[in-house]
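Listing of entry_17.txt; format and content: compact mmCIF, C-alpha atoms.
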```txt
# COMPACT_ATOMS: atom_id res chain seq x y z
CA MET A 1 0.00 0.00 0.00
CA THR A 2 1.32 3.43 -0.89
CA THR A 3 -0.10 6.25 1.18
CA THR A 4 0.59 9.91 1.35
CA ARG A 5 -0.01 12.33 4.14
CA SER A 6 0.41 15.99 3.64
CA ALA A 7 -1.10 19.32 4.41
CA THR A 8 -3.16 21.70 2.31
CA PRO A 9 -4.14 25.33 2.55
CA VAL A 10 -6.74 26.31 5.00
CA SER A 11 -9.18 29.14 4.90
CA PRO A 12 -7.68 32.61 4.22
CA GLU A 13 -6.31 34.50 7.19
CA THR A 14 -8.29 37.43 8.49
CA PRO A 15 -6.05 40.49 8.10
CA VAL A 16 -5.02 42.24 11.29
CA SER A 17 -4.98 46.02 11.45
CA PRO A 18 -1.39 47.26 11.72
CA GLU A 19 -0.31 48.19 15.21
CA THR A 20 1.70 51.21 14.00
CA PRO A 21 3.30 52.06 10.69
CA ALA A 22 6.40 49.92 10.04
CA PRO A 23 9.72 51.79 9.95
CA SER A 24 11.24 52.38 6.55
CA GLU A 25 14.54 50.71 7.44
CA PRO A 26 14.55 46.95 8.15
CA ILE A 27 15.94 45.84 11.49
CA SER A 28 18.84 43.46 11.56
CA PRO A 29 17.95 40.23 13.40
CA SER A 30 21.13 40.63 15.42
CA LYS A 31 20.31 44.18 16.52
CA PRO A 32 19.43 44.27 20.23
CA THR A 33 16.02 45.56 21.13
CA SER A 34 14.55 47.12 24.21
CA PRO A 35 13.75 44.54 26.93
CA SER A 36 10.22 45.80 27.17
CA GLU A 37 7.60 47.11 24.76
CA PRO A 38 6.75 50.79 25.14
CA THR A 39 3.24 51.09 26.55
CA ALA A 40 0.63 52.55 24.26
CA ARG A 41 -0.45 56.09 25.00
CA SER A 42 -3.98 56.46 26.30
CA ALA A 43 -6.40 58.16 23.97
CA ARG A 44 -6.42 61.91 24.39
CA THR A 45 -9.55 63.69 25.41
CA ALA A 46 -10.69 66.06 22.70
CA HIS A 47 -10.49 69.76 23.62
CA PRO A 48 -11.81 72.80 21.79
CA VAL A 49 -9.38 73.92 19.11
CA ARG A 50 -7.70 77.20 19.95
CA ALA A 51 -8.30 80.11 17.62
CA ALA A 52 -4.55 80.51 17.11
CA HIS A 53 -4.43 77.12 15.39
CA PRO A 54 -7.69 76.79 13.40
CA ALA A 55 -6.36 73.97 11.13
CA ARG A 56 -4.79 71.91 13.90
CA PRO A 57 -6.17 68.33 13.77
CA VAL A 58 -7.30 66.48 16.87
CA ARG A 59 -4.96 63.47 17.42
CA THR A 60 -6.34 60.04 18.22
CA THR A 61 -4.74 56.64 18.89
CA LEU A 62 -5.77 53.14 17.97
CA PRO A 63 -6.78 50.69 20.73
CA ALA A 64 -3.73 48.95 22.17
CA ARG A 65 -3.27 45.25 21.43
CA SER A 66 -2.39 43.06 24.39
CA ALA A 67 0.89 41.15 24.60
CA PRO A 68 -0.86 37.76 24.12
CA ASP A 69 -2.67 39.13 21.06
CA ARG A 70 0.61 40.22 19.49
CA LEU A 71 2.30 36.92 20.33
CA LEU A 72 -0.54 34.90 18.80
CA ALA A 73 -0.53 37.17 15.75
CA VAL A 74 3.06 36.13 15.07
CA LEU A 75 2.11 32.45 15.16
CA ALA A 76 -1.00 33.08 13.06
CA ALA A 77 1.17 34.62 10.36
CA PHE A 78 2.15 31.06 9.40
CA ASP A 79 -0.26 28.84 7.46
CA HIS A 80 -0.12 26.11 4.83
CA GLU A 81 0.67 28.64 2.11
CA HIS A 82 3.19 30.56 4.22
CA THR A 83 5.40 28.05 6.00
CA ALA A 84 8.61 30.09 5.77
CA LEU A 85 8.58 33.81 6.58
CA SER A 86 11.19 36.51 6.87
CA LEU A 87 11.01 38.97 9.74
CA SER A 88 9.43 41.61 7.50
CA ASP A 89 6.88 39.04 6.30
CA ILE A 90 5.94 38.25 9.89
CA ALA A 91 5.60 41.94 10.74
CA ARG A 92 3.40 42.59 7.70
CA ARG A 93 1.14 39.56 8.10
CA ALA A 94 0.80 40.02 11.87
CA GLY A 95 0.19 43.75 11.65
CA LEU A 96 3.18 44.59 13.87
CA THR A 97 6.15 46.90 13.70
CA LEU A 98 9.47 45.34 12.77
CA THR A 99 10.75 46.05 16.26
CA THR A 100 7.88 44.20 17.93
CA ALA A 101 7.99 41.35 15.43
CA HIS A 102 11.74 40.96 15.97
CA ARG A 103 11.35 40.80 19.75
CA LEU A 104 8.42 38.36 19.72
CA ALA A 105 9.88 36.10 17.03
CA GLY A 106 13.09 35.93 19.00
CA ALA A 107 11.26 34.93 22.17
CA LEU A 108 9.26 32.26 20.32
CA ALA A 109 12.41 30.92 18.69
CA GLU A 110 14.16 30.70 22.05
CA TRP A 111 11.22 28.70 23.45
CA GLY A 112 11.09 26.43 20.39
CA ALA A 113 7.79 27.56 18.87
CA LEU A 114 9.71 28.98 15.89
CA GLU A 115 12.97 27.97 14.25
CA ARG A 116 15.27 30.33 12.33
CA ASP A 117 17.47 28.97 9.55
CA THR A 118 20.86 30.22 8.42
CA SER A 119 19.29 32.65 5.95
CA GLY A 120 17.26 34.32 8.70
CA VAL A 121 13.91 32.83 7.62
CA TYR A 122 11.56 31.59 10.31
CA HIS A 123 9.65 28.27 10.35
CA VAL A 124 7.22 26.70 12.81
CA GLY A 125 9.17 24.87 15.51
CA LEU A 126 8.83 21.30 16.71
CA ARG A 127 7.82 22.49 20.18
CA LEU A 128 4.41 23.42 18.79
CA TRP A 129 4.02 19.94 17.32
CA GLU A 130 4.88 18.49 20.72
CA ILE A 131 2.15 20.56 22.38
CA ALA A 132 -0.40 19.95 19.61
CA ALA A 133 0.10 16.20 19.92
CA LEU A 134 -1.52 16.40 23.35
CA ALA A 135 -4.88 17.47 21.88
CA PRO A 136 -7.41 14.65 22.49
CA ARG A 137 -9.04 15.23 19.08
CA GLY A 138 -5.69 15.29 17.30
CA LEU A 139 -2.91 12.74 17.52
CA ALA A 140 -4.61 10.64 20.21
CA LEU A 141 -7.72 10.18 18.08
CA ARG A 142 -5.63 9.54 14.99
CA GLN A 143 -3.63 6.78 16.69
CA LEU A 144 -6.78 4.94 17.78
CA ALA A 145 -8.43 5.37 14.40
CA LEU A 146 -5.49 4.56 12.14
CA PRO A 147 -5.87 0.72 12.07
CA TYR A 148 -9.50 1.05 10.99
CA LEU A 149 -8.67 3.72 8.42
CA GLU A 150 -6.00 1.45 6.95
CA ASP A 151 -8.53 -1.41 6.75
CA LEU A 152 -10.93 0.91 4.91
CA TYR A 153 -8.16 1.92 2.53
CA GLU A 154 -7.22 -1.72 1.82
CA SER A 155 -10.84 -2.49 0.92
CA THR A 156 -11.21 0.51 -1.41
CA HIS A 157 -7.74 1.83 -2.38
CA GLU A 158 -9.31 5.28 -2.45
CA ASN A 159 -9.02 8.42 -0.32
CA VAL A 160 -9.79 7.70 3.33
CA GLN A 161 -10.26 10.59 5.74
CA LEU A 162 -10.84 11.31 9.43
CA ALA A 163 -12.16 14.69 10.52
CA VAL A 164 -13.42 16.57 13.56
CA ARG A 165 -15.55 19.66 13.88
CA ASP A 166 -14.24 23.10 14.78
CA GLY A 167 -17.02 25.68 14.80
CA THR A 168 -18.61 25.84 11.36
CA GLU A 169 -15.82 23.85 9.70
CA VAL A 170 -14.34 20.38 9.60
CA VAL A 171 -10.64 19.88 10.25
CA TYR A 172 -9.00 16.81 8.70
CA THR A 173 -6.79 14.96 11.20
CA GLU A 174 -5.81 12.04 8.94
CA TRP A 175 -5.78 11.28 5.23
CA LEU A 176 -4.71 8.13 3.41
CA SER A 177 -4.52 7.98 -0.36
CA GLY A 178 -3.12 5.75 -3.07
CA ARG A 179 -1.42 6.88 -6.26
CA SER A 180 -4.43 6.02 -8.40
CA ALA A 181 -7.04 7.59 -6.08
CA VAL A 182 -9.14 10.50 -7.33
CA GLY A 183 -7.59 13.91 -6.70
CA VAL A 184 -9.00 15.82 -3.74
CA HIS A 185 -8.42 19.21 -2.16
CA ILE A 186 -7.92 17.61 1.24
CA ARG A 187 -4.79 17.29 3.33
CA VAL A 188 -4.14 16.87 7.03
CA GLY A 189 -5.00 20.15 8.72
CA ALA A 190 -7.28 21.36 5.92
CA ARG A 191 -10.55 23.07 6.76
CA TRP A 192 -13.81 23.05 4.80
CA PRO A 193 -17.37 24.21 5.57
CA LEU A 194 -19.55 21.54 7.16
CA HIS A 195 -22.24 21.48 4.46
CA ALA A 196 -19.81 20.87 1.56
CA THR A 197 -18.25 17.56 2.66
CA GLY A 198 -19.43 14.10 3.63
CA VAL A 199 -17.71 14.21 7.02
CA GLY A 200 -19.16 17.67 7.62
CA LEU A 201 -22.69 16.51 6.88
CA ALA A 202 -22.24 13.51 9.20
CA LEU A 203 -21.09 15.82 12.01
CA LEU A 204 -23.70 18.52 11.43
CA ALA A 205 -26.58 16.06 11.19
CA HIS A 206 -25.95 14.86 14.75
CA ASP A 207 -25.51 18.29 16.29
CA GLU A 208 -28.03 20.03 18.55
CA PRO A 209 -31.13 21.19 16.63
CA ASP A 210 -30.60 24.86 17.47
CA ARG A 211 -27.00 24.76 16.24
CA GLN A 212 -28.09 22.99 13.07
CA GLU A 213 -30.69 25.66 12.45
CA ALA A 214 -28.19 28.45 13.07
CA TYR A 215 -25.84 26.89 10.52
CA CYS A 216 -28.58 26.40 7.92
CA ALA A 217 -29.64 30.02 8.35
CA GLY A 218 -26.11 31.27 7.71
CA GLU A 219 -24.22 31.76 4.47
CA LEU A 220 -23.62 28.49 2.58
CA ALA A 221 -20.50 28.79 0.43
CA SER A 222 -20.56 27.28 -3.05
CA PHE A 223 -17.65 25.46 -4.73
CA THR A 224 -19.33 23.66 -7.65
CA PRO A 225 -22.80 23.77 -9.22
CA TYR A 226 -23.65 20.79 -7.00
CA THR A 227 -22.78 22.38 -3.64
CA ILE A 228 -25.76 22.60 -1.31
CA THR A 229 -26.59 26.30 -0.91
CA ASP A 230 -30.33 26.08 -0.24
CA PRO A 231 -31.19 25.93 3.50
CA VAL A 232 -34.36 23.94 2.84
CA ARG A 233 -32.45 21.32 0.88
CA LEU A 234 -29.71 21.18 3.53
CA ARG A 235 -32.28 20.47 6.24
CA ARG A 236 -33.69 17.61 4.15
CA VAL A 237 -30.20 16.19 3.60
CA LEU A 238 -29.38 16.31 7.32
CA ALA A 239 -32.61 14.51 8.14
CA GLU A 240 -31.72 11.78 5.64
CA VAL A 241 -28.24 11.45 7.15
CA ARG A 242 -29.76 10.85 10.58
CA ARG A 243 -32.18 8.32 9.16
CA ALA A 244 -29.64 6.38 7.08
CA GLY A 245 -26.67 6.69 9.44
CA VAL A 246 -24.38 7.77 6.57
CA ALA A 247 -23.82 10.92 4.53
CA VAL A 248 -23.27 11.06 0.77
CA SER A 249 -21.68 14.23 -0.61
CA ASP A 250 -21.90 14.25 -4.40
CA ARG A 251 -19.50 16.57 -6.30
CA GLN A 252 -19.79 19.36 -3.72
CA VAL A 253 -16.11 20.31 -3.56
CA THR A 254 -14.94 19.06 -6.96
CA ASP A 255 -17.16 17.96 -9.83
CA ASP A 256 -15.51 14.56 -10.20
CA ALA A 257 -15.60 13.12 -6.67
CA LEU A 258 -18.17 11.59 -4.33
CA SER A 259 -17.81 11.05 -0.59
CA VAL A 260 -19.50 8.54 1.73
CA ALA A 261 -19.11 9.32 5.44
CA ALA A 262 -20.25 7.94 8.79
CA PRO A 263 -20.17 9.42 12.31
CA VAL A 264 -17.74 8.31 15.00
CA ARG A 265 -19.07 8.25 18.57
CA GLY A 266 -17.32 8.76 21.88
CA PRO A 267 -17.83 6.88 25.16
CA GLY A 268 -21.14 8.61 25.93
CA GLY A 269 -22.54 8.15 22.43
CA ALA A 270 -22.03 11.72 21.24
CA VAL A 271 -20.62 12.15 17.73
CA VAL A 272 -17.01 13.31 18.08
CA ALA A 273 -15.61 12.73 14.58
CA ALA A 274 -16.45 11.33 11.15
CA VAL A 275 -14.74 8.97 8.73
CA SER A 276 -15.18 8.96 4.96
CA VAL A 277 -14.01 7.50 1.69
CA VAL A 278 -13.81 9.65 -1.46
CA VAL A 279 -14.10 7.97 -4.86
CA PRO A 280 -14.52 9.05 -8.51
CA GLN A 281 -18.10 10.12 -9.02
CA VAL A 282 -18.39 8.60 -12.48
CA ASP A 283 -18.30 4.98 -11.30
CA ALA A 284 -19.07 5.31 -7.59
CA GLN A 285 -20.61 2.19 -6.07
CA VAL A 286 -22.34 3.86 -3.14
CA ALA A 287 -24.23 0.78 -1.99
CA ALA A 288 -20.97 -1.17 -1.70
CA LEU A 289 -19.12 1.64 0.07
CA ILE A 290 -21.69 2.24 2.81
CA PRO A 291 -21.05 -1.02 4.79
CA ALA A 292 -17.28 -0.51 4.65
CA VAL A 293 -17.48 3.06 5.92
CA ARG A 294 -19.95 2.08 8.64
CA LEU A 295 -17.66 -0.73 9.78
CA ALA A 296 -14.68 1.62 10.05
CA ALA A 297 -16.69 4.22 11.98
CA ARG A 298 -18.05 1.56 14.32
CA GLY A 299 -14.56 0.17 14.96
CA ILE A 300 -13.17 3.61 15.80
CA SER A 301 -16.15 4.30 18.06
CA ARG A 302 -15.52 1.09 20.00
CA ALA A 303 -11.84 1.94 20.30
CA LEU A 304 -12.91 5.25 21.86
CA GLY A 305 -15.04 3.42 24.42
CA TRP A 306 -18.49 3.59 22.85
CA ARG A 307 -20.78 0.63 23.46
CA PRO A 308 -24.02 0.49 21.48
CA GLU A 309 -27.24 -0.04 23.38
CA ARG A 310 -28.55 -3.57 23.11
```

Turn the structure described in the file into structure tokens.
Amino acid sequence: MTTTRSATPVSPETPVSPETPAPSEPISPSKPTSPSEPTARSARTAHPVRAAHPARPVRTTLPARSAPDRLLAVLAAFDHEHTALSLSDIARRAGLTLTTAHRLAGALAEWGALERDTSGVYHVGLRLWEIAALAPRGLALRQLALPYLEDLYESTHENVQLAVRDGTEVVYTEWLSGRSAVGVHIRVGARWPLHATGVGLALLAHDEPDRQEAYCAGELASFTPYTITDPVRLRRVLAEVRRAGVAVSDRQVTDDALSVAAPVRGPGGAVVAAVSVVVPQVDAQVAALIPAVRLAARGISRALGWRPER
């Protein structure tokens, strides 16, 4: 079996308003900086303009950003499309001055959250991977699920995926694929809206009714002519997913692929993840795929401690 595991771009980063205008001259990484950040000046109270200066503008200041906000902004500057950043790139994408970016990047590099190569470019450090591995819905779930995902791959030799929910999106925590499998826009760490994927439909269908309704009432992004964008149709699809126990997503992300997904349950019976197989739409044998996907989801659920009611 030949499998690949990689990462793919996630949703676009929300731009952060610049803290202050960046200086015109770049700062050398080796240049020492002040041990502490100058505190932001409090907003001035507006006073009547004196007659001697009729054109004098009233000065204002932007709200100060907290130290944790600035630190997280540096980390958020990195994504699947921006895995290597110079100091000026970090400052621009994080909305910070070069001085602040230099100080924070240095602190993160010293801790191990970032790594700086010989050319001065920064990368995400292994310390973050070490911390992220502790997430119960991340590596721990993947390790329990992997044997069942491999069985599903061996029976289909197609794309096999495991995903969890994060807000209104699914996040893929594992992906197995053969060389001849249909191309997908999915990699480990990728995010997609719930309504556009099989795993997303499986997760959304078993959510609380009020949260389902809130999602259906929101904006439903479209990726192909087959993407579900009608709230009424989405409600019908979710009801069918609950009735059948599986979700079928037909050409919603790409117009040549079909996904069959099933929910994964935790010890108390709540749906905590979803597993799916993605095949070419043109010759998809949905009836044959459903039992295999259900079996994989059931095996993972049992590994997590779920016991079906007798």

TODO: For Pro209 in chain A, please output as a list in words all residues within 12 Å (counting only C-alpha atoms; exclusion window: fewer than 5 positions along the same chain).
DONE: Leu204, Ala214, Tyr215, Cys216, Arg235, Leu238 and Ala239 of chain A

TODO: Choose the residue, out of A:Ala73, A:Leu152, A:Ala145, A:Ala163, that has the smallest atom-to-atom separation from Ile290 in chain A; count all atoms listed in the file.
DONE: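 Nearest candidate to Ile290 in chain A out of A:Ala73, A:Leu152, A:Ala145, A:Ala163: A:Leu152.
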
- [ ] Rank nothing, just name the residue among A:Pro193, A:Ser177, A:Val253, A:Gly268 nearest to Glu309 in chain A, using all atoms listed in the file.
- [x]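 The answer is A:Gly268, which sits nearest to Glu309 in chain A.
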
Open item on the list: Restricting the calculation to only C-alpha atoms: of A:Gly305, A:Gly299, A:Pro291, A:Pro280, which residue gets closest to Leu258 in chain A?
Closed with: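 Of A:Gly305, A:Gly299, A:Pro291, A:Pro280, the one nearest Leu258 in chain A, counting only C-alpha atoms, is A:Pro280.
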
TODO: In Å, rounded to a single decimal, give me how far CA of Val232 in chain A is from CA of Leu194 in chain A.
DONE: 15.6 Å

Open item on the list: One number please: CA of Leu201 in chain A to CA of Leu176 in chain A, in Å, one decimal.
Closed with: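 Pair CA of Leu201 in chain A / CA of Leu176 in chain A returns 20.1 Å.
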
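Nearest to Leu203 in chain A of all the residues A:Pro68, A:Gly95, A:Gly245, A:Gly106 is A:Gly245, based on all atoms listed in the file.
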
TODO: Select, from A:Val199, A:Ala261, A:Val74, A:Ala109, the residue with the minimum atom-to-atom distance to Val293 in chain A, counting all atoms listed in the file.
DONE: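 Distance minimum relative to Val293 in chain A lands on A:Ala261.
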
Open item on the list: I'd like to know which of A:Ala288, A:Ala297, A:Ala257, A:Leu72 is closest to Val275 in chain A, using all atoms listed in the file.
Closed with: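 Nearest to Val275 in chain A: A:Ala297.
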
TODO: For CA of Pro225 in chain A and CA of Gly200 in chain A, determine how far apart the two atoms are, in Å to one decimal place.
DONE: 18.3 Å

TODO: Please provide as an MDAnalysis selection string all residues within 9 Å of Asp250 in chain A, with the sequence filter that same-chain residues fewer than 3 positions apart are discarded (counting only C-alpha atoms).
DONE: chainID A and resid 197:198 226:227 253:260 281

Open item on the list: as a ChimeraX atom specification, please: the residues near Tyr153 in chain A (cut-off 12 Å, only C-alpha atoms, same-chain neighbours under 2 positions excluded).
Closed with: /A:1-4,146-151,155-162,175-178,181,275-279,289,292-293,296

Would you save the residues from that selection as a PDB file, in the frame of the given file, using C-alpha atoms?
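Everything below was put into selection-v9.pdb:
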```pdb
ATOM      1  CA  MET A   1       0.000   0.000   0.000  1.00  0.00           C
ATOM      2  CA  THR A   2       1.320   3.430  -0.890  1.00  0.00           C
ATOM      3  CA  THR A   3      -0.100   6.250   1.180  1.00  0.00           C
ATOM      4  CA  THR A   4       0.590   9.910   1.350  1.00  0.00           C
ATOM      5  CA  LEU A 146      -5.490   4.560  12.140  1.00  0.00           C
ATOM      6  CA  PRO A 147      -5.870   0.720  12.070  1.00  0.00           C
ATOM      7  CA  TYR A 148      -9.500   1.050  10.990  1.00  0.00           C
ATOM      8  CA  LEU A 149      -8.670   3.720   8.420  1.00  0.00           C
ATOM      9  CA  GLU A 150      -6.000   1.450   6.950  1.00  0.00           C
ATOM     10  CA  ASP A 151      -8.530  -1.410   6.750  1.00  0.00           C
ATOM     11  CA  SER A 155     -10.840  -2.490   0.920  1.00  0.00           C
ATOM     12  CA  THR A 156     -11.210   0.510  -1.410  1.00  0.00           C
ATOM     13  CA  HIS A 157      -7.740   1.830  -2.380  1.00  0.00           C
ATOM     14  CA  GLU A 158      -9.310   5.280  -2.450  1.00  0.00           C
ATOM     15  CA  ASN A 159      -9.020   8.420  -0.320  1.00  0.00           C
ATOM     16  CA  VAL A 160      -9.790   7.700   3.330  1.00  0.00           C
ATOM     17  CA  GLN A 161     -10.260  10.590   5.740  1.00  0.00           C
ATOM     18  CA  LEU A 162     -10.840  11.310   9.430  1.00  0.00           C
ATOM     19  CA  TRP A 175      -5.780  11.280   5.230  1.00  0.00           C
ATOM     20  CA  LEU A 176      -4.710   8.130   3.410  1.00  0.00           C
ATOM     21  CA  SER A 177      -4.520   7.980  -0.360  1.00  0.00           C
ATOM     22  CA  GLY A 178      -3.120   5.750  -3.070  1.00  0.00           C
ATOM     23  CA  ALA A 181      -7.040   7.590  -6.080  1.00  0.00           C
ATOM     24  CA  VAL A 275     -14.740   8.970   8.730  1.00  0.00           C
ATOM     25  CA  SER A 276     -15.180   8.960   4.960  1.00  0.00           C
ATOM     26  CA  VAL A 277     -14.010   7.500   1.690  1.00  0.00           C
ATOM     27  CA  VAL A 278     -13.810   9.650  -1.460  1.00  0.00           C
ATOM     28  CA  VAL A 279     -14.100   7.970  -4.860  1.00  0.00           C
ATOM     29  CA  LEU A 289     -19.120   1.640   0.070  1.00  0.00           C
ATOM     30  CA  ALA A 292     -17.280  -0.510   4.650  1.00  0.00           C
ATOM     31  CA  VAL A 293     -17.480   3.060   5.920  1.00  0.00           C
ATOM     32  CA  ALA A 296     -14.680   1.620  10.050  1.00  0.00           C
TER      33      ALA A 296
END
```

TODO: Kindly provide, as number ranges by chain, the polymer residues lying within 10 Å of (-3.9, 38.4, 19.2), counting all atoms listed in the file and using the coordinates exactly as they appear in the file.
DONE: A: 16, 65-76, 94

Would you output that residue set with C-alpha atoms, as a compact mmCIF listing (two decimals), keeping the file's coordinate frame?
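File produced: selection.txt:
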```
# COMPACT_ATOMS: atom_id res chain seq x y z
CA VAL A 16 -5.02 42.24 11.29
CA ARG A 65 -3.27 45.25 21.43
CA SER A 66 -2.39 43.06 24.39
CA ALA A 67 0.89 41.15 24.60
CA PRO A 68 -0.86 37.76 24.12
CA ASP A 69 -2.67 39.13 21.06
CA ARG A 70 0.61 40.22 19.49
CA LEU A 71 2.30 36.92 20.33
CA LEU A 72 -0.54 34.90 18.80
CA ALA A 73 -0.53 37.17 15.75
CA VAL A 74 3.06 36.13 15.07
CA LEU A 75 2.11 32.45 15.16
CA ALA A 76 -1.00 33.08 13.06
CA ALA A 94 0.80 40.02 11.87
```
